[in-house]
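Just run.cif here, mmCIF, C-alpha atoms:
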```
data_target
loop_
_atom_site.label_atom_id
_atom_site.label_comp_id
_atom_site.auth_asym_id
_atom_site.auth_seq_id
_atom_site.Cartn_x
_atom_site.Cartn_y
_atom_site.Cartn_z
CA MET A 1 28.87 -69.06 -22.64
CA THR A 2 30.48 -69.90 -19.32
CA PHE A 3 29.11 -71.66 -16.30
CA ALA A 4 29.67 -70.17 -12.86
CA SER A 5 33.36 -69.72 -12.26
CA GLU A 6 35.12 -71.07 -9.22
CA SER A 7 34.93 -67.57 -7.74
CA MET A 8 31.12 -67.69 -7.99
CA PRO A 9 29.53 -69.34 -4.95
CA PHE A 10 27.37 -72.16 -6.29
CA GLU A 11 24.97 -71.59 -3.41
CA LEU A 12 24.00 -68.25 -4.97
CA VAL A 13 23.44 -69.88 -8.35
CA ALA A 14 21.34 -72.62 -6.73
CA ARG A 15 19.26 -70.06 -4.83
CA ARG A 16 18.49 -68.15 -8.03
CA LEU A 17 17.53 -71.33 -9.85
CA LYS A 18 15.42 -72.46 -6.90
CA ALA A 19 13.42 -69.25 -7.19
CA LEU A 20 12.47 -70.35 -10.71
CA ALA A 21 11.66 -73.93 -9.66
CA ASP A 22 8.00 -73.23 -8.94
CA ALA A 23 5.18 -73.40 -11.49
CA SER A 24 3.28 -70.51 -9.86
CA ARG A 25 6.32 -68.22 -9.97
CA LEU A 26 6.89 -69.13 -13.61
CA SER A 27 3.25 -68.29 -14.30
CA VAL A 28 3.72 -64.88 -12.66
CA LEU A 29 6.92 -64.27 -14.64
CA ARG A 30 5.16 -65.25 -17.87
CA ARG A 31 2.44 -62.66 -17.22
CA LEU A 32 5.10 -60.03 -16.54
CA CYS A 33 6.68 -60.73 -19.94
CA ALA A 34 3.74 -58.76 -21.37
CA GLY A 35 4.61 -55.73 -19.26
CA GLU A 36 4.21 -54.14 -15.86
CA LYS A 37 1.29 -55.34 -13.74
CA CYS A 38 -0.07 -54.80 -10.25
CA VAL A 39 -0.84 -57.65 -7.84
CA THR A 40 -4.56 -57.49 -8.59
CA GLU A 41 -3.95 -58.00 -12.32
CA LEU A 42 -1.63 -60.93 -11.59
CA VAL A 43 -4.23 -62.49 -9.27
CA ASP A 44 -6.88 -62.21 -12.01
CA GLU A 45 -4.60 -63.56 -14.74
CA THR A 46 -3.03 -66.45 -12.81
CA GLY A 47 -6.01 -67.55 -10.73
CA LEU A 48 -3.78 -67.61 -7.64
CA GLY A 49 -4.79 -65.96 -4.38
CA GLN A 50 -3.56 -62.49 -3.47
CA ALA A 51 -1.40 -63.73 -0.59
CA ASN A 52 0.11 -66.42 -2.82
CA VAL A 53 0.94 -63.97 -5.62
CA SER A 54 2.46 -61.53 -3.12
CA LYS A 55 4.61 -64.30 -1.62
CA HIS A 56 5.91 -65.33 -5.04
CA LEU A 57 6.60 -61.72 -6.00
CA ARG A 58 8.61 -61.22 -2.78
CA ILE A 59 10.78 -64.21 -3.69
CA LEU A 60 11.23 -63.05 -7.29
CA LEU A 61 12.00 -59.52 -6.10
CA GLY A 62 14.51 -60.78 -3.54
CA GLU A 63 16.34 -62.78 -6.20
CA GLY A 64 16.40 -59.87 -8.64
CA PHE A 65 14.03 -61.27 -11.27
CA VAL A 66 11.47 -58.46 -10.89
CA LEU A 67 11.43 -54.80 -9.90
CA ALA A 68 8.68 -53.03 -7.96
CA ARG A 69 7.27 -49.52 -8.24
CA ARG A 70 4.72 -48.01 -5.86
CA ASP A 71 2.02 -45.74 -7.26
CA ARG A 72 -0.26 -44.53 -4.47
CA ARG A 73 -1.93 -47.67 -3.09
CA ASN A 74 -0.73 -50.09 -5.77
CA VAL A 75 2.62 -51.74 -6.29
CA PHE A 76 3.48 -52.50 -9.89
CA TYR A 77 5.93 -55.24 -10.87
CA ARG A 78 7.95 -55.74 -14.02
CA LEU A 79 10.79 -57.95 -15.17
CA SER A 80 14.11 -56.55 -14.03
CA ASN A 81 15.66 -57.36 -17.40
CA GLY A 82 15.23 -59.81 -20.25
CA MET A 83 17.12 -62.51 -18.35
CA SER A 84 14.03 -64.10 -16.76
CA GLU A 85 12.26 -64.32 -20.09
CA GLU A 86 15.39 -65.65 -21.79
CA ILE A 87 15.90 -68.38 -19.15
CA CYS A 88 12.28 -69.52 -19.49
CA ALA A 89 12.57 -69.51 -23.30
CA ILE A 90 15.72 -71.65 -23.17
CA ILE A 91 14.09 -74.20 -20.87
CA CYS A 92 10.88 -74.34 -22.95
CA ARG A 93 12.92 -74.78 -26.15
CA SER A 94 14.85 -77.62 -24.50
CA ILE A 95 11.60 -79.33 -23.47
CA ARG A 96 10.21 -79.04 -27.01
CA GLU A 97 13.44 -80.39 -28.53
CA ASN A 98 13.52 -83.36 -26.16
CA ALA A 99 9.77 -84.03 -26.11
CA ALA A 100 9.82 -86.86 -28.67
CA ASP A 101 12.58 -88.74 -26.83
CA GLU A 102 10.90 -88.22 -23.46
CA LYS A 103 7.55 -89.35 -24.87
CA ARG A 104 9.10 -92.59 -26.19
CA GLU A 105 10.85 -93.19 -22.87
CA LEU A 106 7.64 -92.61 -20.93
CA ALA A 107 5.72 -94.97 -23.26
CA ARG A 108 8.34 -97.70 -22.71
CA PHE A 109 8.05 -97.21 -18.97
CA LEU A 110 4.25 -97.33 -18.99
CA ASN A 111 4.19 -100.43 -21.22
CA ARG A 112 6.56 -102.47 -19.05
CA LYS A 113 5.05 -105.59 -17.60
CA PRO A 114 5.20 -105.75 -13.82
CA ALA A 115 7.68 -108.25 -12.43
CA ARG A 116 6.15 -111.48 -11.15
CA LYS A 117 6.41 -112.18 -7.48
CA ALA A 118 8.28 -115.38 -6.56
CA GLY A 119 6.15 -118.34 -5.49
CA ARG A 120 2.99 -117.03 -7.10
CA GLU A 121 1.08 -119.29 -9.48
CA THR A 122 -0.92 -118.03 -12.42
#
```

Would you mind writing the file's structure down as structure tokens?
Amino acid sequence: MTFASESMPFELVARRLKALADASRLSVLRRLCAGEKCVTELVDETGLGQANVSKHLRILLGEGFVLARRDRRNVFYRLSNGMSEEICAIICRSIRENAADEKRELARFLNRKPARKAGRET
């Protein structure tokens, strides 16, 4: 596997990753893993508002993560390919694999004693 080559503008890579850096968009993508859905179905399944879902779909469509198909009054969305699902699976697997270490680190952080302020008597 190769990372973006020098001929690949890193700004494009960053823009694509930024499109995935939103919990609501990831929720929409997760619902689309099950198959094609219209905005109304995505609103019902995610609990997000219609305008919010539409905004996230525009971003995902613009970055090539989803495709749209109009059928009379409805627009149906689906994943453009397996890439979106694969990226999410890789990240989730990484979180699961690192969860124990992150949990220990968080516990150490939460159990730290606050530093004493100078000149304060106890």

- Task: Name the residues that the PyMOL selection byres ((chain A and resi 61) around 12) pulls out of this structure, and write them as a list in words.
- Result: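 When the PyMOL selection byres ((chain A and resi 61) around 12) is applied to the shown file, the picked residues are Arg16, Ala19, Leu20, Arg25, Val28, Leu29, Val53, Ser54, Lys55, His56, Leu57, Arg58, Ile59, Leu60, Gly62, Glu63, Gly64, Phe65, Val66, Leu67, Ala68, Arg69, Phe76, Tyr77, Arg78, Leu79, Ser80 and Ser84 of chain A.
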
- Message: Here is a test: counting all atoms listed in the file, which residue of A:Asn81, A:Asn98, A:Ser24, A:Asn52 is nearest to A:Thr40?
- Response: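 Nearest to A:Thr40: A:Asn52.
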
- Query: What is the distance, in Å and to one decimal place, between atom CA of A:Ile95 and atom CA of A:Glu36?
  - Reply: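 Computing the Euclidean distance for atom CA of A:Ile95 and atom CA of A:Glu36 yields 27.3 Å.
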
- Message: Restricting the calculation to all atoms listed in the file: of A:Val39, A:Pro9, A:Ala14, A:Ser27, which residue gets closest to A:Asn74?
- Response: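 That would be A:Val39, the residue with the smallest distance to A:Asn74.
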
- Take atom CA of A:Val75 and atom CA of A:Lys37 and report the distance between them in Å, one decimal.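 Going from atom CA of A:Val75 over to atom CA of A:Lys37 covers 8.4 Å.
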
- Task: May I ask for the distance between atom CA of A:Thr46 and atom CA of A:Arg30, given in Å to one decimal place?
- Result: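 Atom CA of A:Arg30 lies 9.7 Å from atom CA of A:Thr46.
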
Kindly write stretch 35-84 of chain A with N, CA and C atoms to a file, as a PDB file, in the first residue's frame.
```pdb
ATOM      1  N   GLY A  35     -27.275  -0.264   1.762  1.00  0.00           N
ATOM      2  CA  GLY A  35     -27.884  -0.139   0.446  1.00  0.00           C
ATOM      3  C   GLY A  35     -28.405   1.261   0.185  1.00  0.00           C
ATOM      4  N   GLU A  36     -28.941   1.432  -0.989  1.00  0.00           N
ATOM      5  CA  GLU A  36     -29.448   2.728  -1.447  1.00  0.00           C
ATOM      6  C   GLU A  36     -30.603   3.216  -0.575  1.00  0.00           C
ATOM      7  N   LYS A  37     -30.588   4.511  -0.277  1.00  0.00           N
ATOM      8  CA  LYS A  37     -31.651   5.105   0.549  1.00  0.00           C
ATOM      9  C   LYS A  37     -31.945   6.518   0.062  1.00  0.00           C
ATOM     10  N   CYS A  38     -33.186   6.950   0.288  1.00  0.00           N
ATOM     11  CA  CYS A  38     -33.541   8.336  -0.009  1.00  0.00           C
ATOM     12  C   CYS A  38     -33.307   9.179   1.244  1.00  0.00           C
ATOM     13  N   VAL A  39     -33.375  10.490   1.092  1.00  0.00           N
ATOM     14  CA  VAL A  39     -33.114  11.408   2.201  1.00  0.00           C
ATOM     15  C   VAL A  39     -34.062  11.138   3.362  1.00  0.00           C
ATOM     16  N   THR A  40     -35.326  10.900   3.065  1.00  0.00           N
ATOM     17  CA  THR A  40     -36.314  10.657   4.124  1.00  0.00           C
ATOM     18  C   THR A  40     -35.927   9.454   4.973  1.00  0.00           C
ATOM     19  N   GLU A  41     -35.473   8.381   4.339  1.00  0.00           N
ATOM     20  CA  GLU A  41     -35.048   7.195   5.090  1.00  0.00           C
ATOM     21  C   GLU A  41     -33.841   7.521   5.968  1.00  0.00           C
ATOM     22  N   LEU A  42     -32.905   8.292   5.412  1.00  0.00           N
ATOM     23  CA  LEU A  42     -31.708   8.652   6.179  1.00  0.00           C
ATOM     24  C   LEU A  42     -32.058   9.558   7.357  1.00  0.00           C
ATOM     25  N   VAL A  43     -33.024  10.451   7.170  1.00  0.00           N
ATOM     26  CA  VAL A  43     -33.482  11.311   8.263  1.00  0.00           C
ATOM     27  C   VAL A  43     -34.061  10.440   9.379  1.00  0.00           C
ATOM     28  N   ASP A  44     -34.924   9.489   9.015  1.00  0.00           N
ATOM     29  CA  ASP A  44     -35.546   8.606  10.004  1.00  0.00           C
ATOM     30  C   ASP A  44     -34.510   7.761  10.736  1.00  0.00           C
ATOM     31  N   GLU A  45     -33.539   7.238  10.001  1.00  0.00           N
ATOM     32  CA  GLU A  45     -32.567   6.323  10.593  1.00  0.00           C
ATOM     33  C   GLU A  45     -31.490   7.025  11.421  1.00  0.00           C
ATOM     34  N   THR A  46     -31.125   8.234  11.045  1.00  0.00           N
ATOM     35  CA  THR A  46     -30.051   8.935  11.764  1.00  0.00           C
ATOM     36  C   THR A  46     -30.565   9.850  12.866  1.00  0.00           C
ATOM     37  N   GLY A  47     -31.820  10.295  12.755  1.00  0.00           N
ATOM     38  CA  GLY A  47     -32.351  11.242  13.708  1.00  0.00           C
ATOM     39  C   GLY A  47     -31.916  12.675  13.429  1.00  0.00           C
ATOM     40  N   LEU A  48     -31.220  12.886  12.327  1.00  0.00           N
ATOM     41  CA  LEU A  48     -30.794  14.228  11.923  1.00  0.00           C
ATOM     42  C   LEU A  48     -31.928  14.902  11.164  1.00  0.00           C
ATOM     43  N   GLY A  49     -31.904  16.220  11.083  1.00  0.00           N
ATOM     44  CA  GLY A  49     -32.901  16.947  10.321  1.00  0.00           C
ATOM     45  C   GLY A  49     -32.678  16.797   8.824  1.00  0.00           C
ATOM     46  N   GLN A  50     -33.735  17.058   8.059  1.00  0.00           N
ATOM     47  CA  GLN A  50     -33.658  16.905   6.602  1.00  0.00           C
ATOM     48  C   GLN A  50     -32.600  17.815   5.997  1.00  0.00           C
ATOM     49  N   ALA A  51     -32.545  19.066   6.423  1.00  0.00           N
ATOM     50  CA  ALA A  51     -31.558  20.005   5.881  1.00  0.00           C
ATOM     51  C   ALA A  51     -30.140  19.555   6.217  1.00  0.00           C
ATOM     52  N   ASN A  52     -29.965  19.028   7.420  1.00  0.00           N
ATOM     53  CA  ASN A  52     -28.656  18.555   7.854  1.00  0.00           C
ATOM     54  C   ASN A  52     -28.210  17.346   7.026  1.00  0.00           C
ATOM     55  N   VAL A  53     -29.096  16.385   6.849  1.00  0.00           N
ATOM     56  CA  VAL A  53     -28.774  15.200   6.040  1.00  0.00           C
ATOM     57  C   VAL A  53     -28.440  15.617   4.609  1.00  0.00           C
ATOM     58  N   SER A  54     -29.233  16.512   4.042  1.00  0.00           N
ATOM     59  CA  SER A  54     -28.989  16.972   2.674  1.00  0.00           C
ATOM     60  C   SER A  54     -27.627  17.653   2.546  1.00  0.00           C
ATOM     61  N   LYS A  55     -27.278  18.462   3.548  1.00  0.00           N
ATOM     62  CA  LYS A  55     -25.976  19.137   3.538  1.00  0.00           C
ATOM     63  C   LYS A  55     -24.839  18.115   3.557  1.00  0.00           C
ATOM     64  N   HIS A  56     -24.949  17.115   4.419  1.00  0.00           N
ATOM     65  CA  HIS A  56     -23.900  16.097   4.518  1.00  0.00           C
ATOM     66  C   HIS A  56     -23.814  15.269   3.231  1.00  0.00           C
ATOM     67  N   LEU A  57     -24.958  14.980   2.645  1.00  0.00           N
ATOM     68  CA  LEU A  57     -24.951  14.226   1.386  1.00  0.00           C
ATOM     69  C   LEU A  57     -24.302  15.031   0.261  1.00  0.00           C
ATOM     70  N   ARG A  58     -24.532  16.339   0.225  1.00  0.00           N
ATOM     71  CA  ARG A  58     -23.879  17.192  -0.786  1.00  0.00           C
ATOM     72  C   ARG A  58     -22.364  17.121  -0.656  1.00  0.00           C
ATOM     73  N   ILE A  59     -21.878  17.164   0.578  1.00  0.00           N
ATOM     74  CA  ILE A  59     -20.433  17.086   0.808  1.00  0.00           C
ATOM     75  C   ILE A  59     -19.905  15.726   0.382  1.00  0.00           C
ATOM     76  N   LEU A  60     -20.576  14.666   0.790  1.00  0.00           N
ATOM     77  CA  LEU A  60     -20.145  13.311   0.437  1.00  0.00           C
ATOM     78  C   LEU A  60     -20.215  13.068  -1.071  1.00  0.00           C
ATOM     79  N   LEU A  61     -21.225  13.629  -1.706  1.00  0.00           N
ATOM     80  CA  LEU A  61     -21.365  13.527  -3.157  1.00  0.00           C
ATOM     81  C   LEU A  61     -20.237  14.291  -3.852  1.00  0.00           C
ATOM     82  N   GLY A  62     -19.964  15.487  -3.377  1.00  0.00           N
ATOM     83  CA  GLY A  62     -18.914  16.312  -3.964  1.00  0.00           C
ATOM     84  C   GLY A  62     -17.537  15.693  -3.859  1.00  0.00           C
ATOM     85  N   GLU A  63     -17.311  14.903  -2.817  1.00  0.00           N
ATOM     86  CA  GLU A  63     -16.008  14.263  -2.626  1.00  0.00           C
ATOM     87  C   GLU A  63     -15.959  12.847  -3.196  1.00  0.00           C
ATOM     88  N   GLY A  64     -17.065  12.430  -3.826  1.00  0.00           N
ATOM     89  CA  GLY A  64     -17.070  11.142  -4.513  1.00  0.00           C
ATOM     90  C   GLY A  64     -17.345   9.931  -3.649  1.00  0.00           C
ATOM     91  N   PHE A  65     -17.801  10.120  -2.418  1.00  0.00           N
ATOM     92  CA  PHE A  65     -18.084   8.985  -1.550  1.00  0.00           C
ATOM     93  C   PHE A  65     -19.436   8.359  -1.831  1.00  0.00           C
ATOM     94  N   VAL A  66     -20.385   9.148  -2.361  1.00  0.00           N
ATOM     95  CA  VAL A  66     -21.713   8.630  -2.671  1.00  0.00           C
ATOM     96  C   VAL A  66     -22.113   9.031  -4.091  1.00  0.00           C
ATOM     97  N   LEU A  67     -23.075   8.306  -4.623  1.00  0.00           N
ATOM     98  CA  LEU A  67     -23.676   8.614  -5.920  1.00  0.00           C
ATOM     99  C   LEU A  67     -25.155   8.886  -5.689  1.00  0.00           C
ATOM    100  N   ALA A  68     -25.749   9.681  -6.566  1.00  0.00           N
ATOM    101  CA  ALA A  68     -27.163  10.035  -6.435  1.00  0.00           C
ATOM    102  C   ALA A  68     -27.915   9.615  -7.684  1.00  0.00           C
ATOM    103  N   ARG A  69     -29.185   9.228  -7.480  1.00  0.00           N
ATOM    104  CA  ARG A  69     -30.066   8.848  -8.576  1.00  0.00           C
ATOM    105  C   ARG A  69     -31.438   9.433  -8.285  1.00  0.00           C
ATOM    106  N   ARG A  70     -31.980  10.174  -9.255  1.00  0.00           N
ATOM    107  CA  ARG A  70     -33.309  10.765  -9.082  1.00  0.00           C
ATOM    108  C   ARG A  70     -34.360   9.802  -9.640  1.00  0.00           C
ATOM    109  N   ASP A  71     -35.432   9.631  -8.863  1.00  0.00           N
ATOM    110  CA  ASP A  71     -36.573   8.828  -9.284  1.00  0.00           C
ATOM    111  C   ASP A  71     -37.831   9.619  -8.939  1.00  0.00           C
ATOM    112  N   ARG A  72     -38.359  10.288  -9.925  1.00  0.00           N
ATOM    113  CA  ARG A  72     -39.495  11.204  -9.768  1.00  0.00           C
ATOM    114  C   ARG A  72     -39.139  12.304  -8.771  1.00  0.00           C
ATOM    115  N   ARG A  73     -39.803  12.302  -7.607  1.00  0.00           N
ATOM    116  CA  ARG A  73     -39.568  13.377  -6.634  1.00  0.00           C
ATOM    117  C   ARG A  73     -38.461  13.060  -5.639  1.00  0.00           C
ATOM    118  N   ASN A  74     -38.006  11.828  -5.590  1.00  0.00           N
ATOM    119  CA  ASN A  74     -36.999  11.423  -4.612  1.00  0.00           C
ATOM    120  C   ASN A  74     -35.627  11.306  -5.238  1.00  0.00           C
ATOM    121  N   VAL A  75     -34.613  11.586  -4.431  1.00  0.00           N
ATOM    122  CA  VAL A  75     -33.234  11.341  -4.820  1.00  0.00           C
ATOM    123  C   VAL A  75     -32.727  10.226  -3.923  1.00  0.00           C
ATOM    124  N   PHE A  76     -32.181   9.198  -4.534  1.00  0.00           N
ATOM    125  CA  PHE A  76     -31.655   8.059  -3.799  1.00  0.00           C
ATOM    126  C   PHE A  76     -30.136   8.110  -3.824  1.00  0.00           C
ATOM    127  N   TYR A  77     -29.527   7.785  -2.686  1.00  0.00           N
ATOM    128  CA  TYR A  77     -28.077   7.819  -2.546  1.00  0.00           C
ATOM    129  C   TYR A  77     -27.560   6.426  -2.239  1.00  0.00           C
ATOM    130  N   ARG A  78     -26.364   6.164  -2.726  1.00  0.00           N
ATOM    131  CA  ARG A  78     -25.683   4.904  -2.432  1.00  0.00           C
ATOM    132  C   ARG A  78     -24.185   5.165  -2.399  1.00  0.00           C
ATOM    133  N   LEU A  79     -23.450   4.246  -1.780  1.00  0.00           N
ATOM    134  CA  LEU A  79     -22.002   4.370  -1.769  1.00  0.00           C
ATOM    135  C   LEU A  79     -21.488   4.287  -3.194  1.00  0.00           C
ATOM    136  N   SER A  80     -20.493   5.090  -3.512  1.00  0.00           N
ATOM    137  CA  SER A  80     -19.969   5.081  -4.879  1.00  0.00           C
ATOM    138  C   SER A  80     -19.167   3.822  -5.154  1.00  0.00           C
ATOM    139  N   ASN A  81     -18.545   3.294  -4.123  1.00  0.00           N
ATOM    140  CA  ASN A  81     -17.807   2.032  -4.223  1.00  0.00           C
ATOM    141  C   ASN A  81     -17.569   1.546  -2.803  1.00  0.00           C
ATOM    142  N   GLY A  82     -16.844   0.485  -2.657  1.00  0.00           N
ATOM    143  CA  GLY A  82     -16.597  -0.061  -1.319  1.00  0.00           C
ATOM    144  C   GLY A  82     -15.565   0.716  -0.520  1.00  0.00           C
ATOM    145  N   MET A  83     -14.973   1.738  -1.127  1.00  0.00           N
ATOM    146  CA  MET A  83     -13.893   2.466  -0.471  1.00  0.00           C
ATOM    147  C   MET A  83     -14.347   3.106   0.837  1.00  0.00           C
ATOM    148  N   SER A  84     -15.506   3.755   0.843  1.00  0.00           N
ATOM    149  CA  SER A  84     -15.985   4.433   2.054  1.00  0.00           C
ATOM    150  C   SER A  84     -16.149   3.435   3.185  1.00  0.00           C
TER     151      SER A  84
END
```
